[in-house]
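Undergrad: Before we start, here is the structure in question, set down as structure tokens.
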Amino acid sequence: MAEHKKEIDQVTGVETTGHEWDGLKELNHPLPKWWLYMFYGTIVWSVIYWILMPSWPLVNGYTKGLLNYSQRAVATENFDVAAAERAETGKMLLEASLEEIRDTPALLEFAMAQGEVAFGDNCAPCHGTGATGFEGYPNLQDDSWIWGGDLDTLSTTISYGVRAEHDETRYAEMPAFGRDELLEKEEIIQVANYVGSVAGLPTQEGVDLEAGKVIYEENCAACHMENAKGDLETGSPNLTAPTYLYGKSVEDIIAQVNAPRHGVMPAWIDRLGETTVKSLAVYVHSLGGGQ
Amino acid sequence: MSSQVEPIDKEEDEAWFASAAKVYPMEVKGRFRKIKWAILFITLGIYYFTPFIRWDRGPLLPDQAVLVDFERKRGYFFFLEIWPQEVYYLAGLLIIASVALFLMNAIAGRLWCGYLCPQTVWTDLFFRVESMIEGDRRKRITLDKQPWNAEKILKKGTKHFLWLMIAWWTGGAWVLYFADAPTLVYDLATGQAAFSAYVWIGILTFTTYSLAGHMREQVCVYMCPWPRIQAALTDEHALNVTYRYDRGEPRGHLKESKKRIADGLPAGDCIDCNQCFYACPTGVDIRKGAQLDCIQCGLCIDACDSIMTKVGKPTGLIAYDTDDNIERRERGEASVYRLIRPRTVVYTAIIALIAGVMLYAQLNRSMTDLSVVHDRNPLYVQQSDGSFRNGYSLRLLNKHNNEQSFTLSVEDMPKGATLEVVGIHKNAADVTKDTQLSLSVDADTTRSVRALVFSPAGVEMPSSLPMSFKLVDTETGETTVISDFFRAPGK
């Protein structure tokens, strides 16, 4: 630029910058100095920023800056503030009965929001994000319950789990009629076909359903009841509903009578605390199957 | 660009950058100066005092006429109340504002820049303060050139103090739009206001002081995008502050042009007194024609008119005129003013259309509303009796200033279908149908509930059945119907 020779454009009377592209010359309209100083200012600002704030990556870690600022620390702080704010409503939740929560719109909205998040974090891996379950993991949306679907029962089930390692856990086990040789193979086929017929499933040909009924009354009715609608007290599933846990066909029933599978649900009370368990109970109840 | 920036030393490298030459506008008197004063008082009056206007909305709502309530997520403008989801009113206002800018431009150039823009209004006010303290153009130039002494320190000090006070009041007025003004003034005075209020006052004090006091025309020339867009939107029929060179040229001093006339040579009316240039707040010589730096404030018209009157020539050598008219007069034709042109008609039509749509929307604004979202997962649930259940998230809006009760019902479902809302008990006494129930929403808020719809047992359901939710305000009868679907596996 120092060698730039002054040249005046004939048409405009304005000096050119001396830059030329294919015969086109650039007129020199100098920018105001303050513009340049602002640019210098941003450079100075960046240096100050490097000194004060975390900035340069190093081999192990990064330069911390004099202000010792950390987004992680700010996030933790904000989280604590939010937790403290929630604790107030949480306390009201803790003091209220489950029915009161359900009947108070403000508490219900809070519990459902908290329950939804807790469900996604803790329950969804087994019961699905939509709470519709999978084979072996109960569907929580429908109105068919193993241990009961009212608020208190749900709360108990969530707190202590099923067949879990907790003193108050729910416990029920169906005998393995085939494996433990309580019934003959033929008898198992007969009873399974009888149960299938009660549930409205297609049965196998040539099977004596009357014999199956007798076997059912002798071996199964004690828990699953005469009408096969199950018993919430003992955690015996309803066999007439279209909501079989381990597959809905006579073959699946045979497998289950022969050597039942028993799922485990963990006890959550020690891990999540009473407030969250209450919210979860209200949330699951609100899904639609609650009783 | 014209005279803002003069390269200091063209031999130096610094020719790419140059100090901004300070503009010392001369005070003028006249028609446009009066208009500018009137607009200044009106606009600043609106800005500084609007937050103190009261507007009764009942006991629960704020009584400030214009208030942006971020905390409660409401916007208030006299009789209007805007909820966050109605922010399209703001979009509509912004569209109207921008098209109005185009319309102004098509009619009379940079009316916005010259008279209405906050940068112009505050700069004008700051100029006035400056000339009150330091005197007019010549005195200010002299003061700047003279060495620092007690007089200069006193004058400059007083000026900057007054500027800062105006700037501080400007920032102070700004925050009053976001909280109850009298309360906030008291809190600010007693040091109890929120920290953010002081920060915002600080920011606006700084921007007002630096932009109106120091940056002035540099804002228009180097920062503002509008002059660039404006230049692309103008045409030869738009009125602009114009030097009528057809009448002014060839220019010359008074004696000179008299001599030329005596010699039988042509002589224009411009006596080259430079008053138009001295009066210009952006340092433009209007006689060089339309240029980006010219904000078209009309002060050069006032300056020229007063000179023309003095020398006994007709006024209007500089005036609002069009490029087209100058060419016409040079061809010996009469001037034509075409205010009604396709572009002014189209701009007006757009403004009328959008204003009409907004007015219609506002007049028909519902006071209650309902939104429905069908559960995505699961789409349906089979019950133990073989029937199906669908879940919906409902949000009920009540914009009334008191608790409102509603009847919610499901329409177009097969006979025997039922509706339940989680947390709402059906009271046998006042429920006549299984698909209907009543619930209430608190004043000026929303309520979200979960609704469950059950198909009747033993009825075959299609995979998707169109149905709807109906929300009736039991008091006013206002009805909202939202269509949705009932899903089932189907065949």
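In the structure tokens, chains take letters A, B, ... by order of appearance, with residues numbered from 1 within each chain and ligands from 1 in the order shown.
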Write out as a PDB file with C-alpha atoms, in the first residue's frame the residues lying within 10 Å of Gly458 of chain B, counting only C-alpha atoms and excluding same-chain residues fewer than 6 positions away.
TA:
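Below is the file that was written, part28.pdb:
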```
ATOM      1  CA  ASP B 385     -63.840 -56.329  28.086  1.00  0.00           C
ATOM      2  CA  GLY B 386     -62.434 -56.034  24.566  1.00  0.00           C
ATOM      3  CA  SER B 387     -63.427 -52.375  24.084  1.00  0.00           C
ATOM      4  CA  PHE B 388     -60.907 -49.650  23.216  1.00  0.00           C
TER       5      PHE B 388
END
```
Undergrad: List as a ChimeraX atom specification the protein and nucleic acid residues near segment 72-89 of chain A, meaning an atom at most 9 Å away when only C-alpha atoms are counted, but skip any in the same chain fewer than 4 places from it.
TA: /A:93-94,107,110
Undergrad: If you run DSSP on the backbone here, which positions in segment 42-164 of chain B get helix (DSSP H, G or I)? Please write them as a PyMOL selection string.
TA: chain B and resi 42-52+84-86+88-108+111-116+118-134+137-145+150-164
Undergrad: Give the residues of chain A that lie within 10 Å of chain B; count only C-alpha atoms, and format the answer as a PyMOL selection string.
TA: chain A and resi 1-6+15+17+28-36+99-106+108-109+112+128-132+139-145+238+240-243+282+285-290
Undergrad: Within 9 Å of Lys213 of chain A, counting only C-alpha atoms, which residues show up once you throw out same-chain ones fewer than 5 positions away? Write them as a PyMOL selection string, please.
TA: chain A and resi 190-191+194-195+208+218
Undergrad: Do you know which residues are at most 12 Å from Leu154 of chain A counting only C-alpha atoms, after dropping those on the same chain fewer than 6 positions away, and could you put them as a ChimeraX atom specification?
TA: /A:98,140,145-148,160-162,170,232,268,277-286,289-291
Undergrad: Keeping only C-alpha atoms, write the selected residues as a PDB file, in the first residue's frame.
TA:
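Contents of part-v6.pdb, as written:
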```pdb
ATOM      1  CA  LEU A  98     -53.107 -39.880  46.991  1.00  0.00           C
ATOM      2  CA  LEU A 140     -49.992 -50.302  32.588  1.00  0.00           C
ATOM      3  CA  TRP A 145     -54.163 -55.519  36.877  1.00  0.00           C
ATOM      4  CA  ILE A 146     -52.305 -58.332  38.606  1.00  0.00           C
ATOM      5  CA  TRP A 147     -52.026 -56.675  42.036  1.00  0.00           C
ATOM      6  CA  GLY A 148     -54.662 -53.965  41.631  1.00  0.00           C
ATOM      7  CA  TYR A 160     -41.735 -52.446  47.225  1.00  0.00           C
ATOM      8  CA  GLY A 161     -41.735 -54.102  43.858  1.00  0.00           C
ATOM      9  CA  VAL A 162     -42.722 -57.643  42.895  1.00  0.00           C
ATOM     10  CA  ARG A 170     -45.167 -58.530  46.787  1.00  0.00           C
ATOM     11  CA  LEU A 232     -55.786 -59.220  43.084  1.00  0.00           C
ATOM     12  CA  TRP A 268     -38.253 -48.140  44.166  1.00  0.00           C
ATOM     13  CA  VAL A 277     -43.241 -42.698  44.148  1.00  0.00           C
ATOM     14  CA  LYS A 278     -46.475 -40.835  44.896  1.00  0.00           C
ATOM     15  CA  SER A 279     -46.165 -38.884  41.661  1.00  0.00           C
ATOM     16  CA  LEU A 280     -45.509 -42.119  39.786  1.00  0.00           C
ATOM     17  CA  ALA A 281     -48.573 -43.746  41.313  1.00  0.00           C
ATOM     18  CA  VAL A 282     -50.721 -40.767  40.311  1.00  0.00           C
ATOM     19  CA  TYR A 283     -49.180 -40.704  36.841  1.00  0.00           C
ATOM     20  CA  VAL A 284     -49.672 -44.425  36.204  1.00  0.00           C
ATOM     21  CA  HIS A 285     -53.180 -44.179  37.611  1.00  0.00           C
ATOM     22  CA  SER A 286     -53.921 -41.252  35.280  1.00  0.00           C
ATOM     23  CA  GLY A 289     -56.340 -47.934  33.648  1.00  0.00           C
ATOM     24  CA  GLY A 290     -56.509 -46.635  37.198  1.00  0.00           C
ATOM     25  CA  GLN A 291     -59.304 -47.983  39.371  1.00  0.00           C
TER      26      GLN A 291
END
```
Undergrad: Quick one: residues within 9 Å of segment 42-56 of chain A, only C-alpha atoms counted, chain neighbours fewer than 3 positions away excluded, as a list in words?
TA: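 Returned residues: Tyr37, Met38, Phe39, Gly61, Tyr62, Thr63, Lys64, Gly65, Leu66, Leu67, Asn68, Tyr69 and Ser70 of chain A.
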Undergrad: I'd like the interatomic distance between atom CA of Gly273 of chain A and atom CA of Gly149 of chain A, to a tenth of an Å.
TA: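 These atoms are spaced 20.5 Å apart.
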Undergrad: Could you pull out the strand (DSSP E) residues of segment 153-285 of chain B, going by DSSP on the backbone, and write them as a list of chain:residue names?
TA: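 Filtering segment 153-285 of chain B to strand (DSSP E) leaves B:Asn240, B:Val241, B:Thr242, B:Tyr243.
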Undergrad: Record the distance separating atom CA of Gly332 of chain B and atom CA of Gly316 of chain B, expressed in Å with one decimal.
TA: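 For atom CA of Gly332 of chain B relative to atom CA of Gly316 of chain B, the distance reads 18.4 Å.
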